[in-house]
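Read through the structure below, which is laid out as structure tokens, and then see the notes.
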Amino acid sequence: MTTQQETRPSAATKPVRWAADAVAAMREGARLRLDYSARSLWSIDRMIEDIRRESAPYEAVELVLRGFGAYAGEVIARQTGGEWWSSGGDHWIRTPDGRLWDPIEEARRCYTGDGSLRLLCRDASDGAPRT
């Protein structure tokens with residue numbers, strides 16, 4: 001039997017790396033310091049909105065959006081005590097109340113003007129124990 005603690009590192013490996021890459025890219029390229037706080041997601045939402053306004057093709061920003069979504073997932077995990085889960089190449093955050101959240105897809109929705117990583121974090125954090 002595999003315990004939840006043994007599966008978390010393998011499920012979290014890729015998104016944690018994508019989030020770290022996004023933090024480094026924002027620090028170096030945009031001079032924006034991300035601190036894994038819920039408040040920092042305002043900046044990410046604004047950054048995605050700026051990219052969208054520039055009409056960049058989705059293919060050109062796909063990896064950036066994945067990184068932003070992974071970053072938001074890490075914020076949610078840290079705020080709620082949630083864990084990364086993966087299946088078939090997709091990654092989600094499962095909060096302690098059993099709900100599943102898809103921050104990477106939400107970043108894609110932000111790019112189309114239909115999402116908000118800040119609001120996703122707020123919704124995921126509602127009712128969850130603060131760590």
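Here's how to read the names in the structure tokens: chain A, B, ... by the order shown, residue numbers from 1 in each chain, ligand numbers from 1 in the order shown.
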
Write out as a compact mmCIF listing (two decimals) with C-alpha atoms, in the first residue's frame the residues lying within 10 Å of Ala77 in chain A, counting only C-alpha atoms and excluding same-chain residues fewer than 4 positions away.
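Below you can see out.txt, which holds the result:
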# COMPACT_ATOMS: atom_id res chain seq x y z
CA TYR A 36 4.05 32.52 -2.77
CA TYR A 71 2.71 28.96 -9.05
CA ALA A 72 -0.93 29.57 -8.10
CA GLY A 73 -1.24 25.89 -7.19
CA GLY A 81 -2.23 22.51 3.42
CA GLY A 82 -3.31 20.97 0.10
CA GLU A 83 -1.31 18.56 -2.03
CA TRP A 84 -0.58 18.12 -5.71
CA ILE A 93 -4.40 20.60 -6.00
CA ARG A 94 -6.47 18.64 -3.52
CA THR A 95 -7.34 20.69 -0.47
CA PRO A 96 -7.80 19.03 2.94
CA CYS A 121 -7.04 30.85 -4.44
CA ALA A 124 -9.91 27.20 -2.44
CA SER A 125 -8.90 28.82 0.85
CA THR A 131 -1.29 26.83 7.82

So that I can check the surroundings of range 37-43 of chain A, please list as a PDB file with all heavy atoms, in the first residue's frame every protein, DNA and RNA residue that reaches within 9 Å of it, counting only C-alpha atoms and ignoring chain neighbours fewer than 6 positions away.
ATOM      1  N   TYR A  71       2.418  28.035 -10.145  1.00  0.00           N
ATOM      2  CA  TYR A  71       2.708  28.963  -9.046  1.00  0.00           C
ATOM      3  C   TYR A  71       1.455  29.163  -8.188  1.00  0.00           C
ATOM      4  O   TYR A  71       1.508  29.071  -6.961  1.00  0.00           O
ATOM      5  CB  TYR A  71       3.208  30.304  -9.599  1.00  0.00           C
ATOM      6  CG  TYR A  71       3.382  31.346  -8.522  1.00  0.00           C
ATOM      7  CD1 TYR A  71       4.505  31.333  -7.699  1.00  0.00           C
ATOM      8  CD2 TYR A  71       2.413  32.319  -8.313  1.00  0.00           C
ATOM      9  CE1 TYR A  71       4.656  32.276  -6.689  1.00  0.00           C
ATOM     10  CE2 TYR A  71       2.555  33.262  -7.317  1.00  0.00           C
ATOM     11  CZ  TYR A  71       3.677  33.237  -6.510  1.00  0.00           C
ATOM     12  OH  TYR A  71       3.817  34.162  -5.506  1.00  0.00           O
ATOM     13  N   ALA A  72       0.322  29.403  -8.839  1.00  0.00           N
ATOM     14  CA  ALA A  72      -0.933  29.574  -8.103  1.00  0.00           C
ATOM     15  C   ALA A  72      -1.271  28.307  -7.308  1.00  0.00           C
ATOM     16  O   ALA A  72      -1.738  28.384  -6.174  1.00  0.00           O
ATOM     17  CB  ALA A  72      -2.071  29.920  -9.055  1.00  0.00           C
ATOM     18  N   VAL A  75       0.739  28.307  -4.230  1.00  0.00           N
ATOM     19  CA  VAL A  75       0.167  29.256  -3.273  1.00  0.00           C
ATOM     20  C   VAL A  75      -1.015  28.597  -2.555  1.00  0.00           C
ATOM     21  O   VAL A  75      -1.113  28.640  -1.321  1.00  0.00           O
ATOM     22  CB  VAL A  75      -0.265  30.566  -3.967  1.00  0.00           C
ATOM     23  CG1 VAL A  75      -1.066  31.455  -3.011  1.00  0.00           C
ATOM     24  CG2 VAL A  75       0.946  31.311  -4.521  1.00  0.00           C
ATOM     25  N   ILE A  76      -1.888  27.961  -3.314  1.00  0.00           N
ATOM     26  CA  ILE A  76      -3.050  27.290  -2.720  1.00  0.00           C
ATOM     27  C   ILE A  76      -2.609  26.178  -1.774  1.00  0.00           C
ATOM     28  O   ILE A  76      -3.128  26.052  -0.662  1.00  0.00           O
ATOM     29  CB  ILE A  76      -3.990  26.750  -3.815  1.00  0.00           C
ATOM     30  CG1 ILE A  76      -4.621  27.907  -4.584  1.00  0.00           C
ATOM     31  CG2 ILE A  76      -5.065  25.829  -3.222  1.00  0.00           C
ATOM     32  CD1 ILE A  76      -5.323  27.496  -5.871  1.00  0.00           C
ATOM     33  N   ARG A  78       0.143  25.908  -0.107  1.00  0.00           N
ATOM     34  CA  ARG A  78       0.728  26.487   1.107  1.00  0.00           C
ATOM     35  C   ARG A  78      -0.326  27.150   1.991  1.00  0.00           C
ATOM     36  O   ARG A  78      -0.230  27.091   3.215  1.00  0.00           O
ATOM     37  CB  ARG A  78       1.814  27.489   0.731  1.00  0.00           C
ATOM     38  CG  ARG A  78       3.012  26.814   0.090  1.00  0.00           C
ATOM     39  CD  ARG A  78       4.029  27.800  -0.412  1.00  0.00           C
ATOM     40  NE  ARG A  78       5.093  27.119  -1.136  1.00  0.00           N
ATOM     41  CZ  ARG A  78       6.304  27.624  -1.299  1.00  0.00           C
ATOM     42  NH1 ARG A  78       6.615  28.805  -0.810  1.00  0.00           N
ATOM     43  NH2 ARG A  78       7.215  26.938  -1.971  1.00  0.00           N
ATOM     44  N   GLN A  79      -1.328  27.766   1.379  1.00  0.00           N
ATOM     45  CA  GLN A  79      -2.384  28.440   2.144  1.00  0.00           C
ATOM     46  C   GLN A  79      -3.304  27.442   2.844  1.00  0.00           C
ATOM     47  O   GLN A  79      -3.794  27.716   3.924  1.00  0.00           O
ATOM     48  CB  GLN A  79      -3.240  29.311   1.215  1.00  0.00           C
ATOM     49  CG  GLN A  79      -2.556  30.531   0.678  1.00  0.00           C
ATOM     50  CD  GLN A  79      -2.508  31.652   1.700  1.00  0.00           C
ATOM     51  OE1 GLN A  79      -3.489  31.949   2.360  1.00  0.00           O
ATOM     52  NE2 GLN A  79      -1.350  32.255   1.823  1.00  0.00           N
ATOM     53  N   SER A 116      -9.474  33.801 -13.003  1.00  0.00           N
ATOM     54  CA  SER A 116      -8.682  34.604 -12.081  1.00  0.00           C
ATOM     55  C   SER A 116      -7.983  33.671 -11.101  1.00  0.00           C
ATOM     56  O   SER A 116      -8.650  32.939 -10.362  1.00  0.00           O
ATOM     57  CB  SER A 116      -9.553  35.590 -11.315  1.00  0.00           C
ATOM     58  OG  SER A 116      -8.813  36.181 -10.261  1.00  0.00           O
ATOM     59  N   LEU A 117      -6.678  33.690 -11.091  1.00  0.00           N
ATOM     60  CA  LEU A 117      -5.932  32.864 -10.143  1.00  0.00           C
ATOM     61  C   LEU A 117      -6.132  33.373  -8.721  1.00  0.00           C
ATOM     62  O   LEU A 117      -6.184  32.593  -7.782  1.00  0.00           O
ATOM     63  CB  LEU A 117      -4.455  32.835 -10.529  1.00  0.00           C
ATOM     64  CG  LEU A 117      -4.183  32.130 -11.860  1.00  0.00           C
ATOM     65  CD1 LEU A 117      -2.739  32.311 -12.279  1.00  0.00           C
ATOM     66  CD2 LEU A 117      -4.542  30.654 -11.776  1.00  0.00           C
ATOM     67  N   ARG A 118      -6.252  34.665  -8.572  1.00  0.00           N
ATOM     68  CA  ARG A 118      -6.492  35.263  -7.257  1.00  0.00           C
ATOM     69  C   ARG A 118      -7.816  34.758  -6.681  1.00  0.00           C
ATOM     70  O   ARG A 118      -7.879  34.347  -5.516  1.00  0.00           O
ATOM     71  CB  ARG A 118      -6.507  36.781  -7.391  1.00  0.00           C
ATOM     72  CG  ARG A 118      -6.913  37.528  -6.146  1.00  0.00           C
ATOM     73  CD  ARG A 118      -6.999  39.018  -6.416  1.00  0.00           C
ATOM     74  NE  ARG A 118      -7.934  39.367  -7.467  1.00  0.00           N
ATOM     75  CZ  ARG A 118      -9.239  39.524  -7.291  1.00  0.00           C
ATOM     76  NH1 ARG A 118      -9.783  39.338  -6.113  1.00  0.00           N
ATOM     77  NH2 ARG A 118     -10.024  39.848  -8.304  1.00  0.00           N
ATOM     78  N   LEU A 119      -8.862  34.758  -7.502  1.00  0.00           N
ATOM     79  CA  LEU A 119     -10.161  34.297  -7.022  1.00  0.00           C
ATOM     80  C   LEU A 119     -10.186  32.791  -6.799  1.00  0.00           C
ATOM     81  O   LEU A 119     -10.847  32.305  -5.876  1.00  0.00           O
ATOM     82  CB  LEU A 119     -11.265  34.730  -7.986  1.00  0.00           C
ATOM     83  CG  LEU A 119     -11.485  36.244  -8.084  1.00  0.00           C
ATOM     84  CD1 LEU A 119     -12.549  36.566  -9.123  1.00  0.00           C
ATOM     85  CD2 LEU A 119     -11.832  36.843  -6.736  1.00  0.00           C
ATOM     86  N   CYS A 121      -7.691  31.028  -5.732  1.00  0.00           N
ATOM     87  CA  CYS A 121      -7.036  30.845  -4.437  1.00  0.00           C
ATOM     88  C   CYS A 121      -7.982  31.208  -3.298  1.00  0.00           C
ATOM     89  O   CYS A 121      -8.075  30.488  -2.310  1.00  0.00           O
ATOM     90  CB  CYS A 121      -5.757  31.684  -4.374  1.00  0.00           C
ATOM     91  SG  CYS A 121      -4.861  31.513  -2.817  1.00  0.00           S
ATOM     92  N   ARG A 122      -8.694  32.302  -3.465  1.00  0.00           N
ATOM     93  CA  ARG A 122      -9.650  32.706  -2.420  1.00  0.00           C
ATOM     94  C   ARG A 122     -10.703  31.628  -2.220  1.00  0.00           C
ATOM     95  O   ARG A 122     -11.011  31.236  -1.083  1.00  0.00           O
ATOM     96  CB  ARG A 122     -10.324  34.026  -2.790  1.00  0.00           C
ATOM     97  CG  ARG A 122     -11.246  34.546  -1.684  1.00  0.00           C
ATOM     98  CD  ARG A 122     -12.172  35.595  -2.168  1.00  0.00           C
ATOM     99  NE  ARG A 122     -13.099  34.980  -3.113  1.00  0.00           N
ATOM    100  CZ  ARG A 122     -13.919  35.650  -3.890  1.00  0.00           C
ATOM    101  NH1 ARG A 122     -13.937  36.956  -3.872  1.00  0.00           N
ATOM    102  NH2 ARG A 122     -14.745  35.021  -4.708  1.00  0.00           N
TER     103      ARG A 122
END

Practice task
Extract, using only C-alpha atoms, all DNA, RNA and protein residues at most 10 Å from Ala70 in chain A, discarding same-chain residues fewer than 4 positions from it, and format them as a list in words.
Solution key: Ala12, Lys14, Pro15, Val16, Arg17, Trp18, Ala19, Ala20, Asp21, Ala22, Val64, Leu65, Arg66, Glu74, Val75, Ile76, Trp84, His91, Trp92, Ile93, Asp102, Pro103, Ile104, Glu105 and Ala107 of chain A

Excluding range 46-51 of chain A and residues on its chain fewer than 6 positions from it, collect all residues at most 10 Å away from it, counting only C-alpha atoms, and give them as a list of chain:residue names. A:Met26, A:Ala30, A:Pro57, A:Tyr58, A:Val61, A:Val64, A:Leu65, A:Phe68, A:Ala107, A:Arg108, A:Arg109, A:Cys110, A:Tyr111, A:Thr112, A:Gly113, A:Ser116, A:Leu117

Legend entry - Residue list (strand (DSSP E), DSSP) for range 56-101 of chain A, as a list of chain:residue names: A:Glu83, A:Trp84, A:Trp85, A:Ser86, A:Ser87, A:Asp90, A:His91, A:Trp92, A:Ile93, A:Arg94, A:Leu100, A:Trp101

Dump C-alpha atoms for the selected residues as a PDB file, in the first residue's frame?
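That gives us selection_33.pdb:
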ATOM      1  CA  GLU A  83      -1.309  18.563  -2.029  1.00  0.00           C
ATOM      2  CA  TRP A  84      -0.582  18.117  -5.710  1.00  0.00           C
ATOM      3  CA  TRP A  85      -2.252  15.186  -7.426  1.00  0.00           C
ATOM      4  CA  SER A  86      -1.647  14.027 -10.965  1.00  0.00           C
ATOM      5  CA  SER A  87      -3.129  11.678 -13.511  1.00  0.00           C
ATOM      6  CA  ASP A  90      -2.731  16.674 -15.630  1.00  0.00           C
ATOM      7  CA  HIS A  91      -2.023  18.202 -12.231  1.00  0.00           C
ATOM      8  CA  TRP A  92      -4.458  19.408  -9.577  1.00  0.00           C
ATOM      9  CA  ILE A  93      -4.400  20.596  -6.002  1.00  0.00           C
ATOM     10  CA  ARG A  94      -6.470  18.644  -3.518  1.00  0.00           C
ATOM     11  CA  LEU A 100      -9.897  19.385  -6.363  1.00  0.00           C
ATOM     12  CA  TRP A 101      -8.625  22.579  -7.996  1.00  0.00           C
TER      13      TRP A 101
END

- request: Would you mind telling me which residue in A:Asp35, A:Asp45, A:Asp97, A:Glu62 lies nearest to Gly115 in chain A when using only C-alpha atoms?
  value: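 Of the candidates, the smallest distance to Gly115 in chain A is held by A:Asp45.
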
- Once DSSP has gone over the backbone, tell me which residues of range 9-79 of chain A are in helix (DSSP H, G or I), as a PyMOL selection string. chain A and resi 9-29+40-53+58-79

- [ ] Work out how far apart CA of Gly69 in chain A and CA of Glu106 in chain A are and give it in Å to one decimal.
- [x]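 CA of Glu106 in chain A lies 6.8 Å from CA of Gly69 in chain A.
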
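Across the model, the gap from CA of Gly89 in chain A to CA of Ala11 in chain A is 9.8 Å.
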